[in-house]
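Enquirer: Sending over model_34.cif (mmCIF, C-alpha atoms).
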```cif
data_start
#
loop_
_atom_site.group_PDB
_atom_site.id
_atom_site.type_symbol
_atom_site.label_atom_id
_atom_site.label_comp_id
_atom_site.auth_asym_id
_atom_site.auth_seq_id
_atom_site.Cartn_x
_atom_site.Cartn_y
_atom_site.Cartn_z
ATOM 1 C CA MET A 70 136.172 167.403 -21.375
ATOM 2 C CA THR A 71 134.861 163.822 -21.415
ATOM 3 C CA SER A 72 135.286 161.957 -24.674
ATOM 4 C CA SER A 73 132.543 159.779 -26.156
ATOM 5 C CA ALA A 74 134.689 156.743 -25.401
ATOM 6 C CA ASP A 75 135.006 157.798 -21.788
ATOM 7 C CA ALA A 76 131.262 158.296 -21.556
ATOM 8 C CA THR A 77 130.623 154.871 -23.060
ATOM 9 C CA ASP A 78 133.120 153.098 -20.809
ATOM 10 C CA ALA A 79 132.088 154.827 -17.585
ATOM 11 C CA PRO A 80 129.955 152.719 -15.231
ATOM 12 C CA SER A 81 126.337 153.753 -14.867
ATOM 13 C CA PRO A 82 125.067 154.975 -11.479
ATOM 14 C CA SER A 83 123.433 151.581 -10.985
ATOM 15 C CA GLY A 84 126.784 149.954 -11.788
ATOM 16 C CA TYR A 85 128.484 152.020 -9.088
ATOM 17 C CA ARG A 86 125.773 150.981 -6.653
ATOM 18 C CA ASP A 87 126.279 147.310 -7.501
ATOM 19 C CA VAL A 88 130.029 147.524 -6.913
ATOM 20 C CA ARG A 89 129.499 149.466 -3.698
ATOM 21 C CA SER A 90 127.114 146.797 -2.488
ATOM 22 C CA GLU A 91 129.667 144.098 -3.275
ATOM 23 C CA LEU A 92 132.422 145.920 -1.406
ATOM 24 C CA GLU A 93 130.230 146.445 1.639
ATOM 25 C CA GLY A 94 129.854 142.680 1.898
ATOM 26 C CA LEU A 95 133.602 141.998 1.924
ATOM 27 C CA THR A 96 135.418 141.428 5.199
ATOM 28 C CA THR A 97 138.501 143.214 3.877
ATOM 29 C CA GLU A 98 136.435 146.346 3.193
ATOM 30 C CA ALA A 99 134.593 146.510 6.523
ATOM 31 C CA PHE A 100 134.613 149.813 8.416
ATOM 32 C CA ARG A 101 135.937 149.789 11.973
ATOM 33 C CA PRO A 102 134.360 152.658 13.934
ATOM 34 C CA GLU A 103 136.650 151.990 16.912
ATOM 35 C CA HIS A 104 139.521 153.403 14.856
ATOM 36 C CA SER A 105 137.702 156.484 13.553
ATOM 37 C CA ASP A 106 139.951 158.779 15.625
ATOM 38 C CA ILE A 107 143.217 157.094 14.669
ATOM 39 C CA ASP A 108 144.540 160.290 13.132
ATOM 40 C CA ARG A 109 144.400 161.930 16.572
ATOM 41 C CA LEU A 110 146.516 159.297 18.300
ATOM 42 C CA PRO A 111 150.225 159.638 19.118
ATOM 43 C CA THR A 112 152.450 158.003 16.499
ATOM 44 C CA LEU A 113 153.622 155.296 18.901
ATOM 45 C CA ASP A 114 150.024 154.295 19.629
ATOM 46 C CA ILE A 115 149.259 154.010 15.908
ATOM 47 C CA ALA A 116 152.380 151.908 15.445
ATOM 48 C CA LYS A 117 151.265 149.623 18.282
ATOM 49 C CA LEU A 118 147.848 149.249 16.675
ATOM 50 C CA MET A 119 149.374 148.334 13.315
ATOM 51 C CA ASN A 120 151.771 145.892 14.915
ATOM 52 C CA GLY A 121 148.919 144.231 16.769
ATOM 53 C CA GLU A 122 146.936 143.907 13.554
ATOM 54 C CA ASP A 123 149.916 142.450 11.697
ATOM 55 C CA ALA A 124 150.437 139.857 14.433
ATOM 56 C CA THR A 125 147.115 138.244 13.510
ATOM 57 C CA VAL A 126 148.133 137.489 9.920
ATOM 58 C CA PRO A 127 150.240 134.333 10.487
ATOM 59 C CA THR A 128 147.331 132.726 12.350
ATOM 60 C CA ALA A 129 145.040 133.407 9.399
ATOM 61 C CA VAL A 130 147.631 131.890 7.042
ATOM 62 C CA ALA A 131 147.988 128.844 9.334
ATOM 63 C CA ALA A 132 144.297 128.088 8.911
ATOM 64 C CA GLN A 133 144.910 127.645 5.172
ATOM 65 C CA LEU A 134 148.048 125.479 5.355
ATOM 66 C CA PRO A 135 146.355 122.279 4.117
ATOM 67 C CA ASN A 136 145.075 124.135 1.045
ATOM 68 C CA ILE A 137 148.459 125.791 0.525
ATOM 69 C CA ALA A 138 150.287 122.452 0.754
ATOM 70 C CA ALA A 139 147.915 120.795 -1.703
ATOM 71 C CA ALA A 140 148.450 123.631 -4.175
ATOM 72 C CA ILE A 141 152.239 123.427 -3.810
ATOM 73 C CA ASP A 142 152.319 119.679 -4.494
ATOM 74 C CA ALA A 143 150.238 120.209 -7.622
ATOM 75 C CA ILE A 144 152.441 123.117 -8.778
ATOM 76 C CA ALA A 145 155.651 121.141 -8.200
ATOM 77 C CA GLU A 146 154.299 118.221 -10.224
ATOM 78 C CA ARG A 147 153.565 120.495 -13.179
ATOM 79 C CA MET A 148 156.854 122.357 -12.956
ATOM 80 C CA GLY A 149 158.673 119.041 -12.729
ATOM 81 C CA ARG A 150 157.298 118.351 -16.192
ATOM 82 C CA GLY A 151 158.671 121.642 -17.469
ATOM 83 C CA GLY A 152 155.684 123.848 -16.672
ATOM 84 C CA ARG A 153 155.776 127.457 -15.529
ATOM 85 C CA LEU A 154 154.389 129.241 -12.501
ATOM 86 C CA VAL A 155 152.473 132.390 -13.450
ATOM 87 C CA TYR A 156 151.064 134.937 -11.012
ATOM 88 C CA ALA A 157 148.293 137.244 -12.211
ATOM 89 C CA GLY A 158 146.872 140.153 -10.255
ATOM 90 C CA ALA A 159 146.099 143.853 -10.220
ATOM 91 C CA GLY A 160 147.371 146.673 -8.029
ATOM 92 C CA THR A 161 149.078 145.532 -4.833
ATOM 93 C CA ALA A 162 148.294 141.877 -5.527
ATOM 94 C CA GLY A 163 149.882 142.111 -8.965
ATOM 95 C CA ARG A 164 152.954 143.846 -7.607
ATOM 96 C CA LEU A 165 153.421 141.155 -4.984
ATOM 97 C CA GLY A 166 153.262 138.496 -7.686
ATOM 98 C CA VAL A 167 155.839 140.302 -9.801
ATOM 99 C CA LEU A 168 158.058 140.692 -6.727
ATOM 100 C CA ASP A 169 157.931 136.989 -5.885
ATOM 101 C CA ALA A 170 158.608 135.988 -9.495
ATOM 102 C CA SER A 171 161.542 138.396 -9.807
ATOM 103 C CA GLU A 172 163.249 136.943 -6.741
ATOM 104 C CA CYS A 173 163.292 133.363 -8.032
ATOM 105 C CA PRO A 174 166.153 133.681 -10.570
ATOM 106 C CA PRO A 175 168.764 135.067 -8.125
ATOM 107 C CA THR A 176 167.591 132.827 -5.276
ATOM 108 C CA PHE A 177 167.050 129.528 -7.086
ATOM 109 C CA ASN A 178 168.851 130.064 -10.406
ATOM 110 C CA THR A 179 165.610 129.655 -12.326
ATOM 111 C CA ASP A 180 165.173 130.957 -15.833
ATOM 112 C CA PRO A 181 163.182 134.229 -15.740
ATOM 113 C CA ALA A 182 160.569 132.511 -17.911
ATOM 114 C CA GLU A 183 159.924 129.767 -15.319
ATOM 115 C CA VAL A 184 158.204 131.971 -12.741
ATOM 116 C CA VAL A 185 156.350 134.922 -14.249
ATOM 117 C CA GLY A 186 154.454 137.797 -12.682
ATOM 118 C CA LEU A 187 151.665 139.479 -14.649
ATOM 119 C CA ILE A 188 150.158 142.752 -13.437
ATOM 120 C CA ALA A 189 147.084 144.350 -14.947
ATOM 121 C CA GLY A 190 148.274 147.316 -16.987
ATOM 122 C CA GLY A 191 151.701 145.847 -17.706
ATOM 123 C CA PRO A 192 155.133 146.691 -16.250
ATOM 124 C CA ALA A 193 154.324 150.405 -15.986
ATOM 125 C CA ALA A 194 151.668 149.529 -13.403
ATOM 126 C CA MET A 195 154.422 148.559 -10.968
ATOM 127 C CA THR A 196 155.104 152.226 -10.281
ATOM 128 C CA THR A 197 152.208 154.096 -11.898
ATOM 129 C CA SER A 198 148.607 153.462 -10.911
ATOM 130 C CA ALA A 199 146.673 151.517 -13.516
ATOM 131 C CA GLU A 200 143.929 150.325 -11.224
ATOM 132 C CA GLY A 201 141.295 150.573 -13.958
ATOM 133 C CA ALA A 202 142.996 147.681 -15.760
ATOM 134 C CA GLU A 203 141.846 145.322 -13.008
ATOM 135 C CA ASP A 204 138.296 145.465 -14.367
ATOM 136 C CA SER A 205 139.250 143.715 -17.602
ATOM 137 C CA ALA A 206 139.097 139.923 -17.759
ATOM 138 C CA GLU A 207 139.876 140.265 -21.479
ATOM 139 C CA LEU A 208 143.188 141.924 -20.646
ATOM 140 C CA ALA A 209 144.152 138.904 -18.536
ATOM 141 C CA VAL A 210 143.330 136.582 -21.417
ATOM 142 C CA ALA A 211 145.495 138.665 -23.746
ATOM 143 C CA ASP A 212 148.413 138.686 -21.281
ATOM 144 C CA LEU A 213 148.250 134.910 -20.817
ATOM 145 C CA SER A 214 147.844 134.312 -24.557
ATOM 146 C CA ALA A 215 151.147 136.112 -25.081
ATOM 147 C CA LEU A 216 152.780 133.437 -22.905
ATOM 148 C CA ASN A 217 151.388 130.575 -25.030
ATOM 149 C CA LEU A 218 150.043 128.871 -21.930
ATOM 150 C CA THR A 219 150.086 125.048 -21.822
ATOM 151 C CA ALA A 220 148.471 122.363 -19.664
ATOM 152 C CA ASP A 221 151.747 121.959 -17.750
ATOM 153 C CA ASP A 222 151.645 125.560 -16.512
ATOM 154 C CA THR A 223 150.116 126.907 -13.315
ATOM 155 C CA VAL A 224 148.317 130.234 -13.029
ATOM 156 C CA VAL A 225 147.841 131.755 -9.579
ATOM 157 C CA GLY A 226 145.225 134.496 -9.510
ATOM 158 C CA VAL A 227 145.900 136.917 -6.648
ATOM 159 C CA SER A 228 143.259 139.322 -5.352
ATOM 160 C CA ALA A 229 142.599 140.561 -1.831
ATOM 161 C CA SER A 230 138.886 140.909 -2.506
ATOM 162 C CA GLY A 231 138.629 137.722 -4.528
ATOM 163 C CA ARG A 232 136.400 139.559 -7.010
ATOM 164 C CA THR A 233 138.949 141.253 -9.306
ATOM 165 C CA PRO A 234 137.958 140.537 -12.947
ATOM 166 C CA TYR A 235 141.598 140.457 -14.114
ATOM 167 C CA ALA A 236 142.520 137.700 -11.639
ATOM 168 C CA ILE A 237 139.294 135.744 -12.175
ATOM 169 C CA GLY A 238 139.670 136.077 -15.938
ATOM 170 C CA ALA A 239 143.236 134.773 -15.783
ATOM 171 C CA VAL A 240 142.195 131.733 -13.764
ATOM 172 C CA GLY A 241 139.173 131.009 -15.960
ATOM 173 C CA HIS A 242 141.195 131.192 -19.170
ATOM 174 C CA ALA A 243 144.010 129.045 -17.773
ATOM 175 C CA ARG A 244 141.622 126.403 -16.485
ATOM 176 C CA ALA A 245 139.886 126.216 -19.864
ATOM 177 C CA LEU A 246 143.267 125.374 -21.399
ATOM 178 C CA GLY A 247 143.875 122.594 -18.876
ATOM 179 C CA ALA A 248 146.468 124.487 -16.844
ATOM 180 C CA LEU A 249 146.505 124.159 -13.059
ATOM 181 C CA THR A 250 144.851 127.116 -11.324
ATOM 182 C CA VAL A 251 145.103 128.572 -7.834
ATOM 183 C CA GLY A 252 142.994 131.413 -6.442
ATOM 184 C CA LEU A 253 144.533 133.386 -3.559
ATOM 185 C CA SER A 254 142.254 135.864 -1.811
ATOM 186 C CA CYS A 255 141.487 137.275 1.635
ATOM 187 C CA ASN A 256 137.715 136.828 1.752
ATOM 188 C CA ALA A 257 135.746 133.659 2.338
ATOM 189 C CA GLY A 258 133.475 132.360 -0.419
ATOM 190 C CA SER A 259 135.272 134.363 -3.097
ATOM 191 C CA ALA A 260 134.544 134.117 -6.808
ATOM 192 C CA LEU A 261 138.278 133.701 -7.407
ATOM 193 C CA ALA A 262 138.565 130.611 -5.214
ATOM 194 C CA ALA A 263 135.447 129.160 -6.813
ATOM 195 C CA ALA A 264 136.954 129.609 -10.282
ATOM 196 C CA ALA A 265 140.216 127.826 -9.413
ATOM 197 C CA ASP A 266 141.276 124.226 -8.895
ATOM 198 C CA HIS A 267 142.777 125.214 -5.561
ATOM 199 C CA GLY A 268 141.236 128.007 -3.490
ATOM 200 C CA ILE A 269 143.302 129.654 -0.758
ATOM 201 C CA GLU A 270 141.292 132.161 1.262
ATOM 202 C CA VAL A 271 143.304 133.818 4.030
ATOM 203 C CA VAL A 272 140.684 135.773 5.962
ATOM 204 C CA VAL A 273 142.594 138.496 7.791
ATOM 205 C CA GLY A 274 139.548 140.576 8.696
ATOM 206 C CA PRO A 275 138.962 144.325 8.304
ATOM 207 C CA GLU A 276 141.979 146.555 7.730
ATOM 208 C CA LEU A 277 143.199 149.238 10.114
ATOM 209 C CA LEU A 278 142.511 151.757 7.340
ATOM 210 C CA THR A 279 139.239 150.877 5.673
ATOM 211 C CA GLY A 280 139.834 149.405 2.242
ATOM 212 C CA SER A 281 143.642 149.617 2.329
ATOM 213 C CA THR A 282 144.295 145.995 1.404
ATOM 214 C CA ARG A 283 148.014 146.618 1.001
ATOM 215 C CA LEU A 284 148.131 146.162 4.792
ATOM 216 C CA LYS A 285 147.108 142.835 6.394
ATOM 217 C CA ALA A 286 145.793 141.404 3.134
ATOM 218 C CA GLY A 287 149.018 142.349 1.373
ATOM 219 C CA THR A 288 151.096 140.799 4.143
ATOM 220 C CA ALA A 289 149.055 137.598 3.989
ATOM 221 C CA GLN A 290 149.455 137.368 0.215
ATOM 222 C CA LYS A 291 153.214 137.891 0.501
ATOM 223 C CA LEU A 292 153.485 135.101 3.090
ATOM 224 C CA VAL A 293 151.522 132.690 0.925
ATOM 225 C CA LEU A 294 153.451 133.570 -2.239
ATOM 226 C CA ASN A 295 156.684 132.994 -0.306
ATOM 227 C CA MET A 296 155.424 129.510 0.524
ATOM 228 C CA LEU A 297 154.235 128.715 -2.989
ATOM 229 C CA SER A 298 157.538 129.552 -4.648
ATOM 230 C CA THR A 299 159.962 128.488 -1.909
ATOM 231 C CA ILE A 300 158.446 125.115 -1.080
ATOM 232 C CA THR A 301 157.895 124.359 -4.761
ATOM 233 C CA MET A 302 161.594 125.001 -5.327
ATOM 234 C CA ILE A 303 162.462 122.703 -2.407
ATOM 235 C CA ARG A 304 160.338 119.989 -4.025
ATOM 236 C CA LEU A 305 162.137 120.585 -7.342
ATOM 237 C CA GLY A 306 165.545 119.979 -5.751
ATOM 238 C CA LYS A 307 166.653 123.586 -5.644
ATOM 239 C CA THR A 308 167.907 123.089 -2.085
ATOM 240 C CA TYR A 309 170.010 120.529 -0.243
ATOM 241 C CA GLY A 310 168.493 120.397 3.197
ATOM 242 C CA ASN A 311 167.926 124.060 3.956
ATOM 243 C CA LEU A 312 170.871 125.254 1.873
ATOM 244 C CA MET A 313 170.235 127.246 -1.323
ATOM 245 C CA VAL A 314 172.469 125.153 -3.529
ATOM 246 C CA ASP A 315 171.136 126.679 -6.763
ATOM 247 C CA VAL A 316 172.062 130.223 -5.762
ATOM 248 C CA ARG A 317 173.383 132.328 -8.638
ATOM 249 C CA ALA A 318 176.642 134.024 -7.642
ATOM 250 C CA SER A 319 176.163 137.283 -9.537
ATOM 251 C CA ASN A 320 177.909 139.618 -7.091
ATOM 252 C CA GLU A 321 180.549 139.570 -4.363
ATOM 253 C CA LYS A 322 178.086 138.874 -1.567
ATOM 254 C CA LEU A 323 176.591 135.919 -3.425
ATOM 255 C CA ARG A 324 180.036 134.576 -4.301
ATOM 256 C CA ALA A 325 180.903 134.617 -0.602
ATOM 257 C CA ARG A 326 177.568 132.970 0.172
ATOM 258 C CA SER A 327 178.295 130.266 -2.415
ATOM 259 C CA ARG A 328 181.546 129.375 -0.703
ATOM 260 C CA ARG A 329 179.871 129.329 2.687
ATOM 261 C CA ILE A 330 177.108 127.026 1.420
ATOM 262 C CA VAL A 331 179.650 124.574 0.004
ATOM 263 C CA ALA A 332 181.498 124.690 3.311
ATOM 264 C CA LEU A 333 178.336 124.049 5.336
ATOM 265 C CA ALA A 334 177.337 121.151 3.077
ATOM 266 C CA THR A 335 180.722 119.474 2.947
ATOM 267 C CA GLY A 336 182.943 120.659 5.798
ATOM 268 C CA ALA A 337 185.746 120.858 3.243
ATOM 269 C CA SER A 338 188.771 123.126 3.471
ATOM 270 C CA ASP A 339 188.880 126.498 1.758
ATOM 271 C CA GLU A 340 191.374 125.148 -0.759
ATOM 272 C CA GLU A 341 189.166 122.190 -1.669
ATOM 273 C CA ILE A 342 186.112 124.447 -1.970
ATOM 274 C CA GLU A 343 187.907 126.887 -4.271
ATOM 275 C CA ALA A 344 189.118 124.035 -6.467
ATOM 276 C CA ALA A 345 185.644 122.500 -6.674
ATOM 277 C CA LEU A 346 183.995 125.790 -7.580
ATOM 278 C CA ALA A 347 186.655 126.522 -10.177
ATOM 279 C CA ALA A 348 186.171 123.099 -11.752
ATOM 280 C CA THR A 349 182.382 123.502 -11.900
ATOM 281 C CA ASP A 350 182.333 127.113 -13.158
ATOM 282 C CA GLY A 351 181.002 128.328 -9.821
ATOM 283 C CA GLU A 352 177.991 125.987 -9.711
ATOM 284 C CA VAL A 353 177.401 125.379 -6.015
ATOM 285 C CA LYS A 354 175.384 122.186 -6.396
ATOM 286 C CA ASN A 355 177.949 120.654 -8.727
ATOM 287 C CA ALA A 356 180.820 121.670 -6.466
ATOM 288 C CA ILE A 357 179.192 119.990 -3.470
ATOM 289 C CA LEU A 358 178.659 116.812 -5.479
ATOM 290 C CA THR A 359 182.303 116.656 -6.585
ATOM 291 C CA ILE A 360 183.375 116.848 -2.940
ATOM 292 C CA LEU A 361 180.788 114.624 -1.250
ATOM 293 C CA GLY A 362 180.521 112.194 -4.143
ATOM 294 C CA THR A 363 184.268 112.195 -4.880
ATOM 295 C CA VAL A 364 183.614 112.597 -8.611
ATOM 296 C CA ASP A 365 184.979 114.972 -11.214
ATOM 297 C CA ALA A 366 183.058 117.949 -12.559
ATOM 298 C CA PRO A 367 181.778 116.288 -15.785
ATOM 299 C CA THR A 368 180.520 113.307 -13.789
ATOM 300 C CA ALA A 369 178.798 115.611 -11.304
ATOM 301 C CA ALA A 370 177.058 117.408 -14.167
ATOM 302 C CA HIS A 371 175.943 114.068 -15.638
ATOM 303 C CA LEU A 372 174.591 112.785 -12.322
ATOM 304 C CA LEU A 373 172.618 115.970 -11.727
ATOM 305 C CA LYS A 374 171.159 115.773 -15.216
ATOM 306 C CA GLN A 375 170.096 112.180 -14.602
ATOM 307 C CA THR A 376 168.356 113.128 -11.347
ATOM 308 C CA ASN A 377 166.731 116.339 -12.645
ATOM 309 C CA GLY A 378 168.979 118.477 -10.478
ATOM 310 C CA HIS A 379 168.223 116.765 -7.149
ATOM 311 C CA LEU A 380 171.538 116.763 -5.301
ATOM 312 C CA ARG A 381 170.458 114.317 -2.604
ATOM 313 C CA GLU A 382 169.394 111.816 -5.251
ATOM 314 C CA ALA A 383 172.568 112.386 -7.269
ATOM 315 C CA LEU A 384 174.667 111.441 -4.251
ATOM 316 C CA THR A 385 173.095 107.983 -4.219
ATOM 317 C CA TYR A 386 172.440 107.598 -7.957
ATOM 318 C CA ARG A 387 173.640 104.487 -9.744
ATOM 319 C CA SER A 388 173.432 104.386 -13.521
#
```
In structure tokens, how does this file's structure come out?

Expert:
Amino acid sequence: MTSSADATDAPSPSGYRDVRSELEGLTTEAFRPEHSDIDRLPTLDIAKLMNGEDATVPTAVAAQLPNIAAAIDAIAERMGRGGRLVYAGAGTAGRLGVLDASECPPTFNTDPAEVVGLIAGGPAAMTTSAEGAEDSAELAVADLSALNLTADDTVVGVSASGRTPYAIGAVGHARALGALTVGLSCNAGSALAAAADHGIEVVVGPELLTGSTRLKAGTAQKLVLNMLSTITMIRLGKTYGNLMVDVRASNEKLRARSRRIVALATGASDEEIEAALAATDGEVKNAILTILGTVDAPTAAHLLKQTNGHLREALTYRS
């Protein structure tokens, strides 16, 4: 039985036609008749087709590198002032944002509140479909309001189509508050890019399976999100060269990795590395500074505080 609320909320036939018309105009939704018999092909042939499609994604990302770099510099500036990086998306796009955010604390020792992933429908939508939530711009406003967004924050709306109301609503609300906004989509001329300060449109073309934007579009979004978070963290001093000196040693593998990173950075003996890590409570960056800067642990902590955690600057810092 359909409730009165359901009947009220359901789109009208003309509404369905409007959405269908919009989808038919999107590159990511285009039908590819040459693959209409894909289900009859041998598995290896399907795998080859998918692999060939995936190989085109990095080229599409490369075309957007200037826009990606400009967005990263703007994000790093805001985060350097204490701002947060917030991803907002629905479905696959939302899940990718949550994934990228969740990997920042163990990789770069960030506070979980520094990089945040919002998915339409809330945490349950990570494993249970809540695709209807993507149609609500108001829901995005409510989710961002709960974060007490400020002008130092950055909101990245993520949507393969570039038309998802949740992502567009998040960007519009954030921009109205003076926050930095980025719109990441996989269609040219998207409403999401138009709504944001920085538009990144990685046009990967039609999918192997019509409308399944968890494929090439999802891969493209993952690559771009990797860049946004990783290069921002490099700019914030979370690395020394290409070494993850802010790694959080929360298990045996990461403790071994911590020791290896100190060794690669300093060339010190195992005994000296163990002593440095013990003196700095396991903080890799601090341990490296005590060895290379020939300072004690309290001095290393002071120097890193003075240079906002930039190890390379701390090594040459003079108070």

Enquirer: In Å, how far is it from CA of Ile188 in chain A to CA of Leu165 in chain A?

Expert: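 For CA of Ile188 in chain A relative to CA of Leu165 in chain A, the distance reads 9.2 Å.
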
Enquirer: Could you give me, as a ChimeraX atom specification, the residues within 10 Å of range 321-334 of chain A, counting only C-alpha atoms and dropping anything in the same chain fewer than 6 positions from it?

Expert: /A:175-176,309-315,341-343,345-346,351-358,360-361

Enquirer: Using only C-alpha atoms, please write the residues we just selected to a file, as a PDB file, in the coordinates of the input.

Expert:
```pdb
ATOM      1  CA  PRO A 175     168.764 135.067  -8.125  1.00  0.00           C
ATOM      2  CA  THR A 176     167.591 132.827  -5.276  1.00  0.00           C
ATOM      3  CA  TYR A 309     170.010 120.529  -0.243  1.00  0.00           C
ATOM      4  CA  GLY A 310     168.493 120.397   3.197  1.00  0.00           C
ATOM      5  CA  ASN A 311     167.926 124.060   3.956  1.00  0.00           C
ATOM      6  CA  LEU A 312     170.871 125.254   1.873  1.00  0.00           C
ATOM      7  CA  MET A 313     170.235 127.246  -1.323  1.00  0.00           C
ATOM      8  CA  VAL A 314     172.469 125.153  -3.529  1.00  0.00           C
ATOM      9  CA  ASP A 315     171.136 126.679  -6.763  1.00  0.00           C
ATOM     10  CA  GLU A 341     189.166 122.190  -1.669  1.00  0.00           C
ATOM     11  CA  ILE A 342     186.112 124.447  -1.970  1.00  0.00           C
ATOM     12  CA  GLU A 343     187.907 126.887  -4.271  1.00  0.00           C
ATOM     13  CA  ALA A 345     185.644 122.500  -6.674  1.00  0.00           C
ATOM     14  CA  LEU A 346     183.995 125.790  -7.580  1.00  0.00           C
ATOM     15  CA  GLY A 351     181.002 128.328  -9.821  1.00  0.00           C
ATOM     16  CA  GLU A 352     177.991 125.987  -9.711  1.00  0.00           C
ATOM     17  CA  VAL A 353     177.401 125.379  -6.015  1.00  0.00           C
ATOM     18  CA  LYS A 354     175.384 122.186  -6.396  1.00  0.00           C
ATOM     19  CA  ASN A 355     177.949 120.654  -8.727  1.00  0.00           C
ATOM     20  CA  ALA A 356     180.820 121.670  -6.466  1.00  0.00           C
ATOM     21  CA  ILE A 357     179.192 119.990  -3.470  1.00  0.00           C
ATOM     22  CA  LEU A 358     178.659 116.812  -5.479  1.00  0.00           C
ATOM     23  CA  ILE A 360     183.375 116.848  -2.940  1.00  0.00           C
ATOM     24  CA  LEU A 361     180.788 114.624  -1.250  1.00  0.00           C
TER      25      LEU A 361
END
```

Enquirer: Env of Ala189 in chain A: 12 Å cut, atoms = all atoms listed in the file, seq-sep filter 2 positions within chain, self excluded. Answer as an MDAnalysis selection string.

Expert: chainID A and resid 156:164 166:167 186:187 191:195 197:213 226:228 233:239

Enquirer: Quick one: distance from CA of Ala383 in chain A to CA of Met302 in chain A in Å, one decimal?

Expert: 16.8 Å

Enquirer: CA of Arg304 in chain A and CA of Thr349 in chain A, how far apart in Å?

Expert: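 These two atoms are separated by 23.7 Å.
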
Enquirer: The residues within 6 Å of (139.6, 148.6, 11.9), using all atoms listed in the file and the coordinates of the file, should be reported as an MDAnalysis selection string; which are they?

Expert: chainID A and resid 101 104 275:277

Enquirer: When you count all atoms listed in the file, which of these residues is closest to Ser214 in chain A: A:Ala265, A:Met296, A:Leu246, A:Ala257?

Expert: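 For Ser214 in chain A, the nearest of the candidates is A:Leu246.
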
Enquirer: For range 122-135 of chain A, find every residue with an atom within 9 Å (counting only C-alpha atoms), except residues of its own chain fewer than 2 positions away, and show them as an MDAnalysis selection string.

Expert: chainID A and resid 117:120 137:140 269:273 276:277 284:286 288:290 292:293

Enquirer: Which neighbours of Thr301 in chain A fall inside 12 Å, counting all atoms listed in the file, when residues of the same chain fewer than 6 positions from it are skipped, and could you give them as a VMD selection string?

Expert: chain A and resid 137 to 149 153 to 154 173 177 184 223 293 to 295 307 to 308

Enquirer: What lies within 6 Å of Val225 in chain A using only C-alpha atoms, ignoring chain neighbours under 2 positions off, as a ChimeraX atom specification?

Expert: /A:156,250-252

Enquirer: Given the selection you just returned, output its residues as a file containing C-alpha atoms, formatted as a short mmCIF file (atom, residue, chain, number, x, y, z; two decimals), in the coordinates of the input.

Expert:
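Output contents, as saved in again_18.cif:
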```cif
data_model
loop_
_atom_site.label_atom_id
_atom_site.label_comp_id
_atom_site.auth_asym_id
_atom_site.auth_seq_id
_atom_site.Cartn_x
_atom_site.Cartn_y
_atom_site.Cartn_z
CA TYR A 156 151.06 134.94 -11.01
CA THR A 250 144.85 127.12 -11.32
CA VAL A 251 145.10 128.57 -7.83
CA GLY A 252 142.99 131.41 -6.44
#
```
